[in-house]
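J.: This is the structure I want to talk about, given as structure tokens.
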Amino acid sequence: MIIAPTAIAGVWTVDAEPFADERGLFARMFCAEEFAAAGLTVEVAQCSVAYNAHAGTIRGMHWAAEPVRETKLVRCTRGALLDVIVDPRPDSPSYLRHVAVELTADNHRALFIDAGLAHGYQTLVDATEATYQMNVPFTPGHDRGLRFDDPRLAIAWPLPVSVVSAKDRAWELLPPEPAGVGSAPAGVAGAGA
């Protein structure tokens, strides 16, 4: 596996190094020792799957509030999606910035997302499925979110939005930035960033 940091602290890409032969391929997708060597602790307490029937579907932008310290390892197992992680931590140097990484069933890439970071994605094709491995079970009452279309985030979703849940449409927009105050601009980094 190749584990690499992105432009936001706490977000790592995880790429398979497949062995290929006439049968197809074989690749390690998780190794506790390799994650530990990269400084990442992955303890799996819950696994989930999200199936999305239509291209353009958006799920997100979600995270769990303190004291819940939810980390995620997200992978696309069918189809393709653009995964976006936003940094909502006001004291972070990357506050309100985001990284976007294409995850597909064919590229076998995953993302490790540390606690406190907002996560969401848009499906790029119909019948897309994503799997999540989380270190803690879902904790009702601690879920938080950002609007996927908040102008302050400036996320450039690649497709017209086809489906979004009522809950994800209901997250409040961030307050407008005060005149003369410049927070770090939102930005998108590519798949290897």
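Numbering starts fresh at 1 for the residues of each chain in the structure tokens, the chains themselves are lettered A, B, ... in the order given, and ligands are numbered from 1 as they appear.
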So which residues touch Arg144 of chain A within 7 Å, counting only C-alpha atoms, skipping near sequence neighbours fewer than 5 positions away, as an mmCIF file with C-alpha atoms, in the first residue's frame?
T.:
```
data_model
loop_
_atom_site.group_PDB
_atom_site.id
_atom_site.type_symbol
_atom_site.label_atom_id
_atom_site.label_comp_id
_atom_site.auth_asym_id
_atom_site.auth_seq_id
_atom_site.Cartn_x
_atom_site.Cartn_y
_atom_site.Cartn_z
ATOM 1 C CA HIS A 62 -20.751 15.142 7.788
ATOM 2 C CA TRP A 63 -18.646 14.676 10.905
ATOM 3 C CA ALA A 64 -19.134 13.715 14.554
ATOM 4 C CA ALA A 65 -18.762 16.379 17.255
#
```
J.: Write out as a Markdown table the residues of segment 86-156 of chain A that have any atom within 9 Å of an atom of segment 24-46 of chain A, one row each with the nearest atom pair and its distance in Å to one decimal, counting only C-alpha atoms, sorted by chain and then rising number.
T.:
```
| residue | atom | partner | partner_atom | distance |
| --- | --- | --- | --- | --- |
| A:His108 | CA | A:Met29 | CA | 8.2 |
| A:Arg109 | CA | A:Met29 | CA | 8.8 |
| A:Ala110 | CA | A:Met29 | CA | 8.5 |
| A:Phe112 | CA | A:Leu40 | CA | 8.7 |
| A:Asp114 | CA | A:Leu40 | CA | 9.0 |
| A:Tyr132 | CA | A:Gln46 | CA | 8.1 |
| A:Gln133 | CA | A:Gln46 | CA | 5.9 |
| A:Met134 | CA | A:Gln46 | CA | 5.2 |
| A:Asn135 | CA | A:Val44 | CA | 4.5 |
| A:Val136 | CA | A:Ala45 | CA | 5.1 |
| A:Pro137 | CA | A:Gln46 | CA | 5.5 |
| A:Phe138 | CA | A:Gln46 | CA | 8.1 |
```
J.: So how far away is atom CA of Asp91 of chain A from atom CA of Ile2 of chain A, in Å?
T.: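 Value for the atom CA of Ile2 of chain A-atom CA of Asp91 of chain A distance: 29.3 Å.
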J.: Name the residues of chain A that fall into helix (DSSP H, G or I) according to DSSP on the backbone, using the chain letters and numbers of this document, as a PyMOL selection string.
T.: chain A and resi 32-37+166-170
J.: Rounded to one decimal in Å, what is the spacing between atom CA of Ala16 of chain A and atom CA of Met1 of chain A?
T.: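 Pair atom CA of Ala16 of chain A / atom CA of Met1 of chain A returns 4.7 Å.
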J.: Please, what distance in Å, to one decimal, runs between atom CA of His119 of chain A and atom CA of Phe148 of chain A?
T.: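 Interatomic distance, atom CA of His119 of chain A to atom CA of Phe148 of chain A: 9.9 Å.
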J.: Mind checking DSSP for chain A and telling me the strand (DSSP E or B) residues as a PDB file with N, CA, C and O atoms, in the first residue's frame?
T.:
```
ATOM      1  N   ILE A   2       0.358   2.288  -0.587  1.00  0.00           N
ATOM      2  CA  ILE A   2       1.028   3.582  -0.555  1.00  0.00           C
ATOM      3  C   ILE A   2       0.105   4.519   0.209  1.00  0.00           C
ATOM      4  O   ILE A   2      -1.003   4.822  -0.227  1.00  0.00           O
ATOM      5  N   ILE A   3       0.553   4.977   1.372  1.00  0.00           N
ATOM      6  CA  ILE A   3      -0.226   5.866   2.230  1.00  0.00           C
ATOM      7  C   ILE A   3       0.423   7.232   2.161  1.00  0.00           C
ATOM      8  O   ILE A   3       1.607   7.382   2.479  1.00  0.00           O
ATOM      9  N   ALA A   4      -0.346   8.248   1.703  1.00  0.00           N
ATOM     10  CA  ALA A   4       0.233   9.570   1.487  1.00  0.00           C
ATOM     11  C   ALA A   4      -0.661  10.664   2.063  1.00  0.00           C
ATOM     12  O   ALA A   4      -1.883  10.605   1.929  1.00  0.00           O
ATOM     13  N   PRO A   5      -0.057  11.677   2.678  1.00  0.00           N
ATOM     14  CA  PRO A   5      -0.850  12.789   3.216  1.00  0.00           C
ATOM     15  C   PRO A   5      -1.385  13.667   2.091  1.00  0.00           C
ATOM     16  O   PRO A   5      -0.855  13.674   0.981  1.00  0.00           O
ATOM     17  N   VAL A  11      -6.017  13.902   6.585  1.00  0.00           N
ATOM     18  CA  VAL A  11      -6.601  13.238   5.421  1.00  0.00           C
ATOM     19  C   VAL A  11      -5.462  12.587   4.639  1.00  0.00           C
ATOM     20  O   VAL A  11      -4.500  13.256   4.266  1.00  0.00           O
ATOM     21  N   TRP A  12      -5.589  11.284   4.412  1.00  0.00           N
ATOM     22  CA  TRP A  12      -4.549  10.505   3.754  1.00  0.00           C
ATOM     23  C   TRP A  12      -5.154   9.687   2.630  1.00  0.00           C
ATOM     24  O   TRP A  12      -6.220   9.111   2.794  1.00  0.00           O
ATOM     25  N   THR A  13      -4.472   9.619   1.488  1.00  0.00           N
ATOM     26  CA  THR A  13      -4.886   8.690   0.442  1.00  0.00           C
ATOM     27  C   THR A  13      -4.216   7.340   0.719  1.00  0.00           C
ATOM     28  O   THR A  13      -3.099   7.281   1.242  1.00  0.00           O
ATOM     29  N   VAL A  14      -4.926   6.283   0.378  1.00  0.00           N
ATOM     30  CA  VAL A  14      -4.416   4.928   0.560  1.00  0.00           C
ATOM     31  C   VAL A  14      -4.576   4.218  -0.780  1.00  0.00           C
ATOM     32  O   VAL A  14      -5.694   3.941  -1.220  1.00  0.00           O
ATOM     33  N   ASP A  15      -3.452   3.959  -1.437  1.00  0.00           N
ATOM     34  CA  ASP A  15      -3.476   3.316  -2.749  1.00  0.00           C
ATOM     35  C   ASP A  15      -2.959   1.893  -2.659  1.00  0.00           C
ATOM     36  O   ASP A  15      -1.963   1.617  -1.977  1.00  0.00           O
ATOM     37  N   PHE A  19      -0.842  -6.958  -7.192  1.00  0.00           N
ATOM     38  CA  PHE A  19      -0.105  -7.988  -7.911  1.00  0.00           C
ATOM     39  C   PHE A  19      -1.061  -8.496  -8.982  1.00  0.00           C
ATOM     40  O   PHE A  19      -2.166  -8.941  -8.669  1.00  0.00           O
ATOM     41  N   ALA A  20      -0.660  -8.390 -10.234  1.00  0.00           N
ATOM     42  CA  ALA A  20      -1.544  -8.787 -11.332  1.00  0.00           C
ATOM     43  C   ALA A  20      -0.951  -9.973 -12.086  1.00  0.00           C
ATOM     44  O   ALA A  20       0.266 -10.070 -12.277  1.00  0.00           O
ATOM     45  N   ASP A  21      -1.816 -10.885 -12.495  1.00  0.00           N
ATOM     46  CA  ASP A  21      -1.432 -11.987 -13.367  1.00  0.00           C
ATOM     47  C   ASP A  21      -2.644 -12.353 -14.218  1.00  0.00           C
ATOM     48  O   ASP A  21      -3.619 -11.593 -14.280  1.00  0.00           O
ATOM     49  N   GLY A  24      -6.183 -11.942 -12.774  1.00  0.00           N
ATOM     50  CA  GLY A  24      -6.682 -10.616 -12.386  1.00  0.00           C
ATOM     51  C   GLY A  24      -5.667  -9.971 -11.473  1.00  0.00           C
ATOM     52  O   GLY A  24      -4.493  -9.902 -11.799  1.00  0.00           O
ATOM     53  N   LEU A  25      -6.122  -9.507 -10.303  1.00  0.00           N
ATOM     54  CA  LEU A  25      -5.174  -8.892  -9.381  1.00  0.00           C
ATOM     55  C   LEU A  25      -5.488  -9.260  -7.947  1.00  0.00           C
ATOM     56  O   LEU A  25      -6.581  -9.701  -7.612  1.00  0.00           O
ATOM     57  N   PHE A  26      -4.484  -9.055  -7.107  1.00  0.00           N
ATOM     58  CA  PHE A  26      -4.607  -9.254  -5.675  1.00  0.00           C
ATOM     59  C   PHE A  26      -3.886  -8.091  -5.029  1.00  0.00           C
ATOM     60  O   PHE A  26      -2.787  -7.725  -5.443  1.00  0.00           O
ATOM     61  N   GLN A  46     -17.144  -0.387  13.421  1.00  0.00           N
ATOM     62  CA  GLN A  46     -18.370  -0.460  12.618  1.00  0.00           C
ATOM     63  C   GLN A  46     -18.010  -0.334  11.146  1.00  0.00           C
ATOM     64  O   GLN A  46     -17.128   0.440  10.782  1.00  0.00           O
ATOM     65  N   CYS A  47     -18.675  -1.116  10.307  1.00  0.00           N
ATOM     66  CA  CYS A  47     -18.524  -1.018   8.854  1.00  0.00           C
ATOM     67  C   CYS A  47     -19.896  -0.752   8.261  1.00  0.00           C
ATOM     68  O   CYS A  47     -20.886  -1.333   8.699  1.00  0.00           O
ATOM     69  N   SER A  48     -19.945   0.121   7.269  1.00  0.00           N
ATOM     70  CA  SER A  48     -21.204   0.473   6.622  1.00  0.00           C
ATOM     71  C   SER A  48     -21.013   0.513   5.120  1.00  0.00           C
ATOM     72  O   SER A  48     -19.895   0.668   4.627  1.00  0.00           O
ATOM     73  N   VAL A  49     -22.128   0.403   4.409  1.00  0.00           N
ATOM     74  CA  VAL A  49     -22.113   0.520   2.959  1.00  0.00           C
ATOM     75  C   VAL A  49     -23.167   1.541   2.559  1.00  0.00           C
ATOM     76  O   VAL A  49     -24.229   1.634   3.183  1.00  0.00           O
ATOM     77  N   ALA A  50     -22.867   2.340   1.549  1.00  0.00           N
ATOM     78  CA  ALA A  50     -23.825   3.306   1.007  1.00  0.00           C
ATOM     79  C   ALA A  50     -23.990   3.013  -0.475  1.00  0.00           C
ATOM     80  O   ALA A  50     -23.024   3.086  -1.234  1.00  0.00           O
ATOM     81  N   TYR A  51     -25.192   2.658  -0.878  1.00  0.00           N
ATOM     82  CA  TYR A  51     -25.502   2.427  -2.284  1.00  0.00           C
ATOM     83  C   TYR A  51     -26.234   3.659  -2.798  1.00  0.00           C
ATOM     84  O   TYR A  51     -27.134   4.186  -2.145  1.00  0.00           O
ATOM     85  N   ASN A  52     -25.865   4.128  -3.978  1.00  0.00           N
ATOM     86  CA  ASN A  52     -26.436   5.326  -4.575  1.00  0.00           C
ATOM     87  C   ASN A  52     -26.890   4.972  -5.988  1.00  0.00           C
ATOM     88  O   ASN A  52     -26.069   4.642  -6.838  1.00  0.00           O
ATOM     89  N   THR A  57     -25.698  12.108  -7.185  1.00  0.00           N
ATOM     90  CA  THR A  57     -26.138  12.066  -5.794  1.00  0.00           C
ATOM     91  C   THR A  57     -25.044  12.617  -4.889  1.00  0.00           C
ATOM     92  O   THR A  57     -23.868  12.302  -5.067  1.00  0.00           O
ATOM     93  N   ILE A  58     -25.446  13.439  -3.924  1.00  0.00           N
ATOM     94  CA  ILE A  58     -24.504  13.964  -2.934  1.00  0.00           C
ATOM     95  C   ILE A  58     -24.899  13.453  -1.559  1.00  0.00           C
ATOM     96  O   ILE A  58     -26.069  13.483  -1.182  1.00  0.00           O
ATOM     97  N   ARG A  59     -23.892  12.981  -0.841  1.00  0.00           N
ATOM     98  CA  ARG A  59     -24.023  12.647   0.575  1.00  0.00           C
ATOM     99  C   ARG A  59     -22.994  13.495   1.308  1.00  0.00           C
ATOM    100  O   ARG A  59     -21.822  13.454   0.999  1.00  0.00           O
ATOM    101  N   GLY A  60     -23.449  14.258   2.295  1.00  0.00           N
ATOM    102  CA  GLY A  60     -22.489  15.034   3.083  1.00  0.00           C
ATOM    103  C   GLY A  60     -22.877  16.488   3.144  1.00  0.00           C
ATOM    104  O   GLY A  60     -23.870  16.894   2.548  1.00  0.00           O
ATOM    105  N   MET A  61     -22.132  17.175   3.877  1.00  0.00           N
ATOM    106  CA  MET A  61     -20.787  17.031   4.437  1.00  0.00           C
ATOM    107  C   MET A  61     -20.914  16.748   5.948  1.00  0.00           C
ATOM    108  O   MET A  61     -21.385  17.604   6.684  1.00  0.00           O
ATOM    109  N   HIS A  62     -20.478  15.603   6.430  1.00  0.00           N
ATOM    110  CA  HIS A  62     -20.751  15.142   7.788  1.00  0.00           C
ATOM    111  C   HIS A  62     -19.492  14.923   8.621  1.00  0.00           C
ATOM    112  O   HIS A  62     -18.462  14.547   8.087  1.00  0.00           O
ATOM    113  N   TRP A  63     -19.647  15.099   9.924  1.00  0.00           N
ATOM    114  CA  TRP A  63     -18.646  14.676  10.905  1.00  0.00           C
ATOM    115  C   TRP A  63     -19.326  14.507  12.248  1.00  0.00           C
ATOM    116  O   TRP A  63     -20.485  14.876  12.412  1.00  0.00           O
ATOM    117  N   ALA A  64     -18.622  13.909  13.201  1.00  0.00           N
ATOM    118  CA  ALA A  64     -19.134  13.715  14.554  1.00  0.00           C
ATOM    119  C   ALA A  64     -18.462  14.717  15.484  1.00  0.00           C
ATOM    120  O   ALA A  64     -17.244  14.903  15.436  1.00  0.00           O
ATOM    121  N   LYS A  72     -12.612   7.614   9.750  1.00  0.00           N
ATOM    122  CA  LYS A  72     -13.222   6.807   8.691  1.00  0.00           C
ATOM    123  C   LYS A  72     -12.162   6.384   7.687  1.00  0.00           C
ATOM    124  O   LYS A  72     -11.249   7.150   7.375  1.00  0.00           O
ATOM    125  N   LEU A  73     -12.341   5.191   7.171  1.00  0.00           N
ATOM    126  CA  LEU A  73     -11.598   4.727   6.009  1.00  0.00           C
ATOM    127  C   LEU A  73     -12.662   4.454   4.954  1.00  0.00           C
ATOM    128  O   LEU A  73     -13.516   3.591   5.142  1.00  0.00           O
ATOM    129  N   VAL A  74     -12.658   5.238   3.875  1.00  0.00           N
ATOM    130  CA  VAL A  74     -13.723   5.205   2.868  1.00  0.00           C
ATOM    131  C   VAL A  74     -13.152   4.704   1.546  1.00  0.00           C
ATOM    132  O   VAL A  74     -12.084   5.142   1.116  1.00  0.00           O
ATOM    133  N   ARG A  75     -13.896   3.814   0.907  1.00  0.00           N
ATOM    134  CA  ARG A  75     -13.479   3.230  -0.369  1.00  0.00           C
ATOM    135  C   ARG A  75     -14.701   3.087  -1.273  1.00  0.00           C
ATOM    136  O   ARG A  75     -15.791   2.793  -0.801  1.00  0.00           O
ATOM    137  N   CYS A  76     -14.522   3.283  -2.563  1.00  0.00           N
ATOM    138  CA  CYS A  76     -15.581   3.048  -3.541  1.00  0.00           C
ATOM    139  C   CYS A  76     -15.430   1.613  -4.045  1.00  0.00           C
ATOM    140  O   CYS A  76     -14.391   1.253  -4.588  1.00  0.00           O
ATOM    141  N   THR A  77     -16.467   0.805  -3.855  1.00  0.00           N
ATOM    142  CA  THR A  77     -16.390  -0.602  -4.250  1.00  0.00           C
ATOM    143  C   THR A  77     -17.145  -0.905  -5.534  1.00  0.00           C
ATOM    144  O   THR A  77     -17.016  -1.986  -6.097  1.00  0.00           O
ATOM    145  N   ARG A  78     -17.943   0.065  -5.994  1.00  0.00           N
ATOM    146  CA  ARG A  78     -18.677  -0.089  -7.258  1.00  0.00           C
ATOM    147  C   ARG A  78     -18.915   1.302  -7.824  1.00  0.00           C
ATOM    148  O   ARG A  78     -19.332   2.204  -7.108  1.00  0.00           O
ATOM    149  N   ALA A  80     -18.087   5.046  -9.266  1.00  0.00           N
ATOM    150  CA  ALA A  80     -17.096   6.110  -9.099  1.00  0.00           C
ATOM    151  C   ALA A  80     -17.720   7.273  -8.348  1.00  0.00           C
ATOM    152  O   ALA A  80     -18.902   7.569  -8.506  1.00  0.00           O
ATOM    153  N   LEU A  81     -16.883   7.958  -7.569  1.00  0.00           N
ATOM    154  CA  LEU A  81     -17.362   9.128  -6.829  1.00  0.00           C
ATOM    155  C   LEU A  81     -16.230  10.115  -6.641  1.00  0.00           C
ATOM    156  O   LEU A  81     -15.057   9.771  -6.730  1.00  0.00           O
ATOM    157  N   LEU A  82     -16.615  11.369  -6.400  1.00  0.00           N
ATOM    158  CA  LEU A  82     -15.656  12.400  -6.024  1.00  0.00           C
ATOM    159  C   LEU A  82     -15.848  12.632  -4.537  1.00  0.00           C
ATOM    160  O   LEU A  82     -16.897  13.109  -4.102  1.00  0.00           O
ATOM    161  N   ASP A  83     -14.848  12.262  -3.756  1.00  0.00           N
ATOM    162  CA  ASP A  83     -14.899  12.391  -2.304  1.00  0.00           C
ATOM    163  C   ASP A  83     -14.284  13.742  -1.935  1.00  0.00           C
ATOM    164  O   ASP A  83     -13.219  14.093  -2.431  1.00  0.00           O
ATOM    165  N   VAL A  84     -14.963  14.478  -1.055  1.00  0.00           N
ATOM    166  CA  VAL A  84     -14.512  15.805  -0.649  1.00  0.00           C
ATOM    167  C   VAL A  84     -14.447  15.855   0.873  1.00  0.00           C
ATOM    168  O   VAL A  84     -15.388  15.454   1.555  1.00  0.00           O
ATOM    169  N   ILE A  85     -13.339  16.365   1.385  1.00  0.00           N
ATOM    170  CA  ILE A  85     -13.172  16.542   2.818  1.00  0.00           C
ATOM    171  C   ILE A  85     -12.915  18.021   3.073  1.00  0.00           C
ATOM    172  O   ILE A  85     -12.036  18.622   2.467  1.00  0.00           O
ATOM    173  N   VAL A  86     -13.719  18.601   3.983  1.00  0.00           N
ATOM    174  CA  VAL A  86     -13.600  20.012   4.365  1.00  0.00           C
ATOM    175  C   VAL A  86     -13.078  20.070   5.793  1.00  0.00           C
ATOM    176  O   VAL A  86     -13.487  19.281   6.650  1.00  0.00           O
ATOM    177  N   HIS A  98     -10.651  22.557   1.377  1.00  0.00           N
ATOM    178  CA  HIS A  98     -11.054  21.183   1.129  1.00  0.00           C
ATOM    179  C   HIS A  98     -10.107  20.505   0.153  1.00  0.00           C
ATOM    180  O   HIS A  98      -9.387  21.169  -0.583  1.00  0.00           O
ATOM    181  N   VAL A  99     -10.133  19.176   0.209  1.00  0.00           N
ATOM    182  CA  VAL A  99      -9.443  18.369  -0.786  1.00  0.00           C
ATOM    183  C   VAL A  99     -10.504  17.492  -1.443  1.00  0.00           C
ATOM    184  O   VAL A  99     -11.505  17.128  -0.818  1.00  0.00           O
ATOM    185  N   ALA A 100     -10.302  17.205  -2.704  1.00  0.00           N
ATOM    186  CA  ALA A 100     -11.213  16.360  -3.474  1.00  0.00           C
ATOM    187  C   ALA A 100     -10.400  15.246  -4.114  1.00  0.00           C
ATOM    188  O   ALA A 100      -9.361  15.510  -4.730  1.00  0.00           O
ATOM    189  N   VAL A 101     -10.877  14.014  -3.944  1.00  0.00           N
ATOM    190  CA  VAL A 101     -10.155  12.847  -4.444  1.00  0.00           C
ATOM    191  C   VAL A 101     -11.151  11.925  -5.136  1.00  0.00           C
ATOM    192  O   VAL A 101     -12.195  11.599  -4.574  1.00  0.00           O
ATOM    193  N   GLU A 102     -10.829  11.514  -6.361  1.00  0.00           N
ATOM    194  CA  GLU A 102     -11.700  10.575  -7.065  1.00  0.00           C
ATOM    195  C   GLU A 102     -11.417   9.161  -6.579  1.00  0.00           C
ATOM    196  O   GLU A 102     -10.275   8.700  -6.612  1.00  0.00           O
ATOM    197  N   LEU A 103     -12.472   8.519  -6.109  1.00  0.00           N
ATOM    198  CA  LEU A 103     -12.398   7.114  -5.695  1.00  0.00           C
ATOM    199  C   LEU A 103     -13.244   6.318  -6.672  1.00  0.00           C
ATOM    200  O   LEU A 103     -14.396   6.686  -6.925  1.00  0.00           O
ATOM    201  N   THR A 104     -12.692   5.235  -7.203  1.00  0.00           N
ATOM    202  CA  THR A 104     -13.445   4.395  -8.127  1.00  0.00           C
ATOM    203  C   THR A 104     -13.210   2.932  -7.784  1.00  0.00           C
ATOM    204  O   THR A 104     -12.220   2.575  -7.136  1.00  0.00           O
ATOM    205  N   ALA A 110      -8.454   4.540  -1.453  1.00  0.00           N
ATOM    206  CA  ALA A 110      -9.271   4.817  -0.275  1.00  0.00           C
ATOM    207  C   ALA A 110      -8.791   6.108   0.355  1.00  0.00           C
ATOM    208  O   ALA A 110      -7.706   6.615   0.036  1.00  0.00           O
ATOM    209  N   LEU A 111      -9.617   6.642   1.253  1.00  0.00           N
ATOM    210  CA  LEU A 111      -9.238   7.824   2.022  1.00  0.00           C
ATOM    211  C   LEU A 111      -9.356   7.515   3.499  1.00  0.00           C
ATOM    212  O   LEU A 111     -10.368   6.961   3.947  1.00  0.00           O
ATOM    213  N   PHE A 112      -8.331   7.895   4.255  1.00  0.00           N
ATOM    214  CA  PHE A 112      -8.404   7.883   5.703  1.00  0.00           C
ATOM    215  C   PHE A 112      -8.741   9.309   6.119  1.00  0.00           C
ATOM    216  O   PHE A 112      -8.057  10.249   5.720  1.00  0.00           O
ATOM    217  N   ILE A 113      -9.800   9.451   6.918  1.00  0.00           N
ATOM    218  CA  ILE A 113     -10.284  10.770   7.326  1.00  0.00           C
ATOM    219  C   ILE A 113     -10.290  10.828   8.845  1.00  0.00           C
ATOM    220  O   ILE A 113     -11.003  10.062   9.504  1.00  0.00           O
ATOM    221  N   ALA A 118     -15.062  17.219   7.981  1.00  0.00           N
ATOM    222  CA  ALA A 118     -16.331  16.995   7.292  1.00  0.00           C
ATOM    223  C   ALA A 118     -16.089  16.204   6.011  1.00  0.00           C
ATOM    224  O   ALA A 118     -15.205  16.532   5.229  1.00  0.00           O
ATOM    225  N   HIS A 119     -16.916  15.181   5.814  1.00  0.00           N
ATOM    226  CA  HIS A 119     -16.751  14.275   4.677  1.00  0.00           C
ATOM    227  C   HIS A 119     -18.041  14.194   3.879  1.00  0.00           C
ATOM    228  O   HIS A 119     -19.129  14.152   4.429  1.00  0.00           O
ATOM    229  N   GLY A 120     -17.894  14.162   2.561  1.00  0.00           N
ATOM    230  CA  GLY A 120     -19.031  13.943   1.680  1.00  0.00           C
ATOM    231  C   GLY A 120     -18.542  13.548   0.301  1.00  0.00           C
ATOM    232  O   GLY A 120     -17.345  13.563   0.026  1.00  0.00           O
ATOM    233  N   TYR A 121     -19.487  13.183  -0.551  1.00  0.00           N
ATOM    234  CA  TYR A 121     -19.097  12.828  -1.912  1.00  0.00           C
ATOM    235  C   TYR A 121     -20.256  13.015  -2.867  1.00  0.00           C
ATOM    236  O   TYR A 121     -21.407  13.110  -2.470  1.00  0.00           O
ATOM    237  N   GLN A 122     -19.900  13.065  -4.165  1.00  0.00           N
ATOM    238  CA  GLN A 122     -20.882  13.044  -5.247  1.00  0.00           C
ATOM    239  C   GLN A 122     -20.585  11.840  -6.121  1.00  0.00           C
ATOM    240  O   GLN A 122     -19.436  11.606  -6.512  1.00  0.00           O
ATOM    241  N   THR A 123     -21.643  11.083  -6.447  1.00  0.00           N
ATOM    242  CA  THR A 123     -21.463   9.942  -7.328  1.00  0.00           C
ATOM    243  C   THR A 123     -21.280  10.422  -8.767  1.00  0.00           C
ATOM    244  O   THR A 123     -21.933  11.366  -9.213  1.00  0.00           O
ATOM    245  N   THR A 128     -23.477   3.482  -7.767  1.00  0.00           N
ATOM    246  CA  THR A 128     -22.194   3.609  -7.082  1.00  0.00           C
ATOM    247  C   THR A 128     -22.352   3.206  -5.617  1.00  0.00           C
ATOM    248  O   THR A 128     -23.329   3.545  -4.972  1.00  0.00           O
ATOM    249  N   GLU A 129     -21.356   2.480  -5.128  1.00  0.00           N
ATOM    250  CA  GLU A 129     -21.387   1.991  -3.759  1.00  0.00           C
ATOM    251  C   GLU A 129     -20.087   2.365  -3.058  1.00  0.00           C
ATOM    252  O   GLU A 129     -19.013   2.281  -3.644  1.00  0.00           O
ATOM    253  N   ALA A 130     -20.207   2.796  -1.805  1.00  0.00           N
ATOM    254  CA  ALA A 130     -19.039   3.134  -0.992  1.00  0.00           C
ATOM    255  C   ALA A 130     -19.107   2.357   0.308  1.00  0.00           C
ATOM    256  O   ALA A 130     -20.190   2.117   0.844  1.00  0.00           O
ATOM    257  N   THR A 131     -17.938   1.958   0.805  1.00  0.00           N
ATOM    258  CA  THR A 131     -17.870   1.303   2.101  1.00  0.00           C
ATOM    259  C   THR A 131     -17.115   2.200   3.072  1.00  0.00           C
ATOM    260  O   THR A 131     -16.209   2.937   2.678  1.00  0.00           O
ATOM    261  N   TYR A 132     -17.528   2.125   4.320  1.00  0.00           N
ATOM    262  CA  TYR A 132     -16.920   2.903   5.392  1.00  0.00           C
ATOM    263  C   TYR A 132     -16.488   1.950   6.492  1.00  0.00           C
ATOM    264  O   TYR A 132     -17.240   1.047   6.855  1.00  0.00           O
ATOM    265  N   GLN A 133     -15.313   2.181   7.035  1.00  0.00           N
ATOM    266  CA  GLN A 133     -14.870   1.511   8.251  1.00  0.00           C
ATOM    267  C   GLN A 133     -14.646   2.620   9.273  1.00  0.00           C
ATOM    268  O   GLN A 133     -13.868   3.541   9.020  1.00  0.00           O
ATOM    269  N   MET A 134     -15.366   2.564  10.396  1.00  0.00           N
ATOM    270  CA  MET A 134     -15.266   3.595  11.413  1.00  0.00           C
ATOM    271  C   MET A 134     -14.720   3.007  12.707  1.00  0.00           C
ATOM    272  O   MET A 134     -14.953   1.841  13.008  1.00  0.00           O
ATOM    273  N   ASP A 143     -23.961  14.146  15.460  1.00  0.00           N
ATOM    274  CA  ASP A 143     -23.718  14.370  14.032  1.00  0.00           C
ATOM    275  C   ASP A 143     -23.808  15.855  13.719  1.00  0.00           C
ATOM    276  O   ASP A 143     -24.662  16.570  14.214  1.00  0.00           O
ATOM    277  N   ARG A 144     -22.870  16.313  12.890  1.00  0.00           N
ATOM    278  CA  ARG A 144     -22.786  17.707  12.468  1.00  0.00           C
ATOM    279  C   ARG A 144     -22.634  17.725  10.952  1.00  0.00           C
ATOM    280  O   ARG A 144     -22.265  16.729  10.347  1.00  0.00           O
ATOM    281  N   GLY A 145     -22.879  18.897  10.360  1.00  0.00           N
ATOM    282  CA  GLY A 145     -22.742  18.974   8.915  1.00  0.00           C
ATOM    283  C   GLY A 145     -22.566  20.376   8.391  1.00  0.00           C
ATOM    284  O   GLY A 145     -22.844  21.362   9.085  1.00  0.00           O
ATOM    285  N   VAL A 163     -29.649  14.110  -6.473  1.00  0.00           N
ATOM    286  CA  VAL A 163     -30.315  13.683  -5.244  1.00  0.00           C
ATOM    287  C   VAL A 163     -29.502  14.161  -4.048  1.00  0.00           C
ATOM    288  O   VAL A 163     -28.280  13.988  -4.022  1.00  0.00           O
TER     289      VAL A 163
END
```
J.: So, counting only C-alpha atoms, which residue among A:Ala53, A:Pro67, A:Arg89, A:Pro151 is closest to Pro176 of chain A?
T.: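 Checking each candidate against Pro176 of chain A, we get A:Pro151 as the closest.
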